[in-house]
Amino acid sequence: MKLKRYLTLTRAGIIESLQFRLSAFIMVLGNLLYLIVVYFLWRSIYDSAGTDAVGGMTFTDTLIYLVLATALFGFMEMYAVWEIGRSIQSGQIVLDLLKPIPYRRYLFWSYSGSFVTQFCFTFLPTFLVVALVTHGAIHFGLNLLFFVVSVVLAVSINYSIDFLVGTICLYTESIWGINIMKQVIVLLLSGATIPLAFFPAALRQVVNCLPFASIYNAPLTLLLEPRPEPRMVLETLGMQLLWAVVMNILSKGFWRISLRQITVNGG
Amino acid sequence: MTPIIEIKHITKEFRVLNRREGLRGSLQDLFSRNYKIVRAVDDISMEIGQGEIVGYLGPNGAGKSTTIKMMTGVLEPTSGEILVAGSVPYRSRTKNAGQIGVVFGQRSQLWWALPLIESFRLLKDIYCIPDAAYQEMLDFYRSLMDIEPLLHKPVRQMSLGQRTLSDILAAFLHDPKIVFLDEPTIGLDVAMKARIRTLIHALNREKHTTVILTTHDMGDVDALCRRIVIIDKGRMLYDNDITHLRGFFGAYRTLKVRMDGDLAAQAAVIRKELPDCSVTADEEWISVLVNEEQARVLDVLALLQKTHDIRDMQLQEISTEEVIKKIYEEGVQ
């Protein structure tokens with residue numbers, strides 16, 4: 001595998017995403033609005049609960065968690081379902097299939113550039129602001145390293161799920177509903193909208209058996225835990241690795257089977 | 001000459017759901033298993049040599065794109081064999097991709113937000129083109145046309161013609177053995193069409209690239225192809241030299257006459273007088289297609305002169321366009 005042919009796609013992605021300055025600003029603004037809503041929503045939840053901690057988390061804990069989850073979402077969400085669906089509908093996929101790089105890899109690396117820019121422009125600033133504002137609520141130590149490893153695995157799992165769902169578009173030839181469904185399920189069950197700590201015990205049991213928690217909950221837990229126990233870190237990362245491998249095999253297999261069925265529409 | 005593309009009796013069938021009409025029908029369709037088989041390509045065989053330019057023609061929906069998709073490996077034939085540059089395209093699509101280039105007239109493989117040179121750099125890395133070969137290719141392009149203004153322009157700001165030129169250059173960049181051009185001149189003005197034809201011709205001559213060209217523009221065919229293949233309803237109608245094709249209908253000539261007044265109305269009158277000939281009118285001329293085996297052109301002219309006031313006339317050998325039109329309409333006997 002020649003890394004250069006993939007890194008060149010990353011490079012193009014970075015240049016490409018820098019072309020759209022306005023859309024980057026609007027995205028930051030949109031995230032800000034969302035965070036304001038989140039703040040007041042949880043403020044009132046905590047006020048009405050009447051206690052300092054709900055589900056073992058204080059208001060500040062929850063807020064830090066959700067702000068970082070939003071920032072994480074900003075750079076991990078790759079809209080691969082849209083991309084695959086759209087290129088199937090328009091027939092553009094033919095051109096991508098005729099690249100000398102397997103489609104699944106090609107699409108991932110085409111996106112990798114926007115990971116880099118999004119990470120620098122949304123996640124990093126948000127993270128630093130949160131760290132400054134909360135005066136040391138975030139520990140700077142080994143947990144940062146664990147977090148980075150965990151995010152890499154999370155990106156891989158997230159991509160596999162996206163690709164798997166995108167492949168379904170080959171059969172349905174429609175995108176919208178499938179995409180929304182995927183988004184809602186992933187965001188809810190991964191702990192991106194509500195921390196998993198708030199889930200009822202029974203539901204948490206179920207969620208723990210699914211890959212979604214490995215996408216948002218795992219990296220955030222590793223990041224926010226001031227003194228992580230080695231066993232917990234290994235378990236979390238191990239679980240993520242397992243899911244990354246499983247989802248990778250599943251999405252690759254499903255794609256391979258589906259590609260045989262492909263009937264590209266076109267004159 | 002060993003063929004670069006070998007196709008033996010390929011057939012492609014699609015399974016299509018029989019759709020019913022109306023709301024009720026649509027609801028029933030949700031659970032329907034009522035499929036019909038559509039045969040898009042039916043028993044086509046051909047061999048194409050390295051360096052040939054083949055015009056691949058046929059009316060809309062004839063199965064041209066389906067055949068091309070099978071040659072590129074995007075579709076797998078239902079039966080029959082294809083070999084492209086020695087390998088089976090649908091089994092080794094990704095490997096095959098390095099040996100072919102494609103241009104689909106209505107789509108672009110370029111990165112639309114980036115200047116063209118960035119797309120070239122990307123393709124260079126993706127196709128693992130060595131530096132020297134890449135530079136040589138760019139120099140060759142520079143010798144063919146002035147590419148500098150294109151190189152630094154973002155693709156999305158290009159006109160359709162510029163974009164098509166760029167797409168063609170991009171398809172040839174990795175010096176592929178075969179390039180598939182699917183309606184490359186669609187929607188372009190006359191001058192741009194001519195530039196594109198010159199470009200394709202030069203690339204084919206210098207790099208000895210095999211070109212498979214589908215088009216509806218007979219100007220492309222006349223300018224580029226020595227050999228043409230015509231298919232309709234999935235079946236092969238014709239595969240031979242273009243000169244041979246003209247010989248097929250050599251007995252036909254077109255008589256063009258100019259007269260005063262409303263040409264369309266007069267054409268209608270002439271159509272009644274000459275039921276054996278096909279008569280068409282444009283803004284300047286009335287064209288009468290005469291089959292010399294049935295009637296001599298001079299007799300037709302004499303007949304017309306009796307009843308109409310002819311101001312001017314021209315005699316034309318039949319054009320490729322008309323031959324193709326006749327083949328589409330009537331088939332080859």
# chains A, B, ... in the order shown; residues from 1 in each chain; ligands from 1

$ select_by_dssp --residues "region 130-304 of chain B" --states "strand (DSSP E)" --output "PyMOL selection string"
chain B and resi 178-182+210-214+227-232+235-241+252-259+278-281+286-291

$ residues_around --residues "Gly261 (chain B)" --least-positions-apart "4" --cutoff "12 Å" --atoms "only C-alpha atoms" --output "list in words"
Ala265, Gln266, Ala267, Glu283, Glu284, Trp285, Ile286, His308, Asp309, Ile310 and Arg311 of chain B

$ residues_around --residues "Ile64 (chain A)" --least-positions-apart "6" --cutoff "9 Å" --atoms "only C-alpha atoms" --output "PyMOL selection string"
chain A and resi 130-131+134+137-138+224

$ interface_residues --of "chain B" --to "chain A" --cutoff "7 Å" --atoms "only C-alpha atoms" --output "MDAnalysis selection string"
chainID B and resid 61 65 74 94:95 97:98 107 109 113:114 122 125:127

$ write_last_selection --atoms "C-alpha atoms" --output "PDB file, in the first residue's frame"
ATOM      1  CA  GLY B  61     -31.323   3.227 -25.255  1.00  0.00           C
ATOM      2  CA  SER B  65     -23.555   2.564 -22.215  1.00  0.00           C
ATOM      3  CA  VAL B  74     -18.686  -1.770 -13.644  1.00  0.00           C
ATOM      4  CA  THR B  94      -9.595  -1.882  -9.630  1.00  0.00           C
ATOM      5  CA  LYS B  95      -6.561  -3.261 -11.429  1.00  0.00           C
ATOM      6  CA  ALA B  97      -8.949   0.860 -13.812  1.00  0.00           C
ATOM      7  CA  GLY B  98      -5.264   1.721 -14.041  1.00  0.00           C
ATOM      8  CA  ARG B 107     -20.208  13.997 -15.593  1.00  0.00           C
ATOM      9  CA  GLN B 109     -14.187  13.150 -12.530  1.00  0.00           C
ATOM     10  CA  ALA B 113     -13.718  23.129  -6.082  1.00  0.00           C
ATOM     11  CA  LEU B 114     -10.031  22.880  -6.970  1.00  0.00           C
ATOM     12  CA  LEU B 122      -4.237  14.031  -7.363  1.00  0.00           C
ATOM     13  CA  ASP B 125      -0.620  10.162  -7.085  1.00  0.00           C
ATOM     14  CA  ILE B 126      -3.719   8.007  -7.348  1.00  0.00           C
ATOM     15  CA  TYR B 127      -2.535   6.373 -10.551  1.00  0.00           C
TER      16      TYR B 127
END

$ residues_around --residues "Phe254 (chain A)" --least-positions-apart "2" --cutoff "12 Å" --atoms "only C-alpha atoms" --output "list in words"
Arg104, Ser160, Ile161, Phe163, Leu164, Val165, Gly166, Thr167, Ile168, Leu170, Tyr171, Met247, Asn248, Ile249, Leu250, Ser251, Lys252, Arg256, Ile257, Ser258, Leu259, Arg260 and Gln261 of chain A

$ select_by_dssp --residues "region 215-265 of chain A" --states "alpha helix (DSSP H)" --output "JSON, numbers by chain"
{"A": [217, 218, 219, 220, 221, 222, 223, 224, 230, 231, 232, 233, 234, 235, 236, 237, 238, 239, 240, 241, 242, 243, 244, 245, 246, 247, 248, 249, 250, 251, 252, 253, 254, 255, 256, 257, 258, 259, 260, 261]}

$ write_last_selection --atoms "C-alpha atoms" --output "short mmCIF file (atom, residue, chain, number, x, y, z; two decimals), in the first residue's frame"
data_model
loop_
_atom_site.label_atom_id
_atom_site.label_comp_id
_atom_site.auth_asym_id
_atom_site.auth_seq_id
_atom_site.Cartn_x
_atom_site.Cartn_y
_atom_site.Cartn_z
CA ASN A 217 -19.06 7.61 24.85
CA ALA A 218 -15.74 5.78 24.83
CA PRO A 219 -13.42 8.62 23.78
CA LEU A 220 -15.22 11.16 25.97
CA THR A 221 -15.09 8.91 29.02
CA LEU A 222 -11.38 8.37 28.50
CA LEU A 223 -10.83 12.09 28.12
CA LEU A 224 -12.83 13.24 31.11
CA PRO A 230 -5.53 0.79 33.54
CA ARG A 231 -8.16 -1.94 33.46
CA MET A 232 -10.90 0.47 32.45
CA VAL A 233 -8.72 1.99 29.71
CA LEU A 234 -7.80 -1.39 28.31
CA GLU A 235 -11.37 -2.59 28.41
CA THR A 236 -12.68 0.48 26.63
CA LEU A 237 -10.00 0.49 23.96
CA GLY A 238 -10.23 -3.28 23.55
CA MET A 239 -13.96 -3.05 23.07
CA GLN A 240 -13.47 -0.31 20.49
CA LEU A 241 -10.85 -2.31 18.65
CA LEU A 242 -13.15 -5.29 18.59
CA TRP A 243 -15.99 -3.24 17.15
CA ALA A 244 -13.70 -1.56 14.65
CA VAL A 245 -12.66 -4.96 13.32
CA VAL A 246 -16.16 -6.42 13.35
CA MET A 247 -17.79 -3.42 11.67
CA ASN A 248 -15.01 -3.23 9.14
CA ILE A 249 -15.53 -6.85 8.13
CA LEU A 250 -19.31 -6.43 8.06
CA SER A 251 -19.35 -3.30 5.96
CA LYS A 252 -16.72 -4.63 3.58
CA GLY A 253 -18.58 -7.90 3.16
CA PHE A 254 -21.94 -6.25 2.66
CA TRP A 255 -20.43 -3.88 0.11
CA ARG A 256 -18.82 -6.71 -1.79
CA ILE A 257 -22.08 -8.62 -1.99
CA SER A 258 -24.01 -5.49 -2.90
CA LEU A 259 -21.61 -4.42 -5.59
CA ARG A 260 -22.42 -7.59 -7.46
CA GLN A 261 -26.05 -6.55 -7.48
#

$ residues_around --residues "Met236 (chain B)" --least-positions-apart "4" --cutoff "12 Å" --atoms "only C-alpha atoms" --output "PyMOL selection string"
chain B and resi 9-11+40-46+56-58+62-64+67+228-232+240+327-328+331-332

$ residues_around --residues "Leu274 (chain B)" --least-positions-apart "3" --cutoff "12 Å" --atoms "only C-alpha atoms" --output "VMD selection string"
chain B and resid 267 to 271 277 to 279 288 to 291 294 to 295 297 299 to 301 303 to 304

$ closest_residue --among "A:Pro211, A:Pro200, A:Pro228, A:Gly85" --to "Val186 (chain A)" --atoms "only C-alpha atoms"
A:Pro211

$ residues_around --residues "Gln316 (chain B)" --least-positions-apart "5" --cutoff "12 Å" --atoms "only C-alpha atoms" --output "compact mmCIF listing (two decimals) with N, CA and C atoms, in the first residue's frame"
# COMPACT_ATOMS: atom_id res chain seq x y z
N GLY B 250 -24.56 3.64 -51.11
CA GLY B 250 -23.95 4.49 -52.12
C GLY B 250 -24.92 4.93 -53.19
N ALA B 251 -25.98 4.17 -53.37
CA ALA B 251 -26.93 4.51 -54.43
C ALA B 251 -27.75 5.76 -54.07
N TYR B 252 -27.60 6.19 -52.85
CA TYR B 252 -28.38 7.37 -52.45
C TYR B 252 -27.61 8.65 -52.65
N ARG B 253 -28.27 9.68 -53.15
CA ARG B 253 -27.67 11.01 -53.20
C ARG B 253 -28.72 12.01 -52.77
N THR B 254 -28.22 13.12 -52.30
CA THR B 254 -29.15 14.14 -51.85
C THR B 254 -29.17 15.30 -52.84
N LEU B 255 -30.36 15.61 -53.30
CA LEU B 255 -30.54 16.76 -54.18
C LEU B 255 -31.09 17.90 -53.34
N LYS B 256 -30.37 19.03 -53.36
CA LYS B 256 -30.85 20.17 -52.58
C LYS B 256 -31.28 21.27 -53.54
N VAL B 257 -32.45 21.77 -53.32
CA VAL B 257 -32.94 22.85 -54.19
C VAL B 257 -33.38 24.03 -53.34
N SER B 287 -34.26 19.38 -49.13
CA SER B 287 -33.39 18.25 -49.48
C SER B 287 -34.23 17.05 -49.89
N VAL B 288 -33.86 16.49 -51.02
CA VAL B 288 -34.56 15.30 -51.50
C VAL B 288 -33.56 14.16 -51.58
N LEU B 289 -33.82 13.09 -50.82
CA LEU B 289 -32.92 11.94 -50.84
C LEU B 289 -33.39 10.99 -51.93
N VAL B 290 -32.53 10.79 -52.90
CA VAL B 290 -32.94 10.00 -54.07
C VAL B 290 -32.17 8.68 -54.11
N VAL B 297 -31.29 11.11 -60.46
CA VAL B 297 -31.37 12.44 -59.87
C VAL B 297 -31.79 13.48 -60.91
N GLU B 322 -26.86 10.70 -42.59
CA GLU B 322 -28.05 10.14 -43.23
C GLU B 322 -28.02 8.62 -43.28
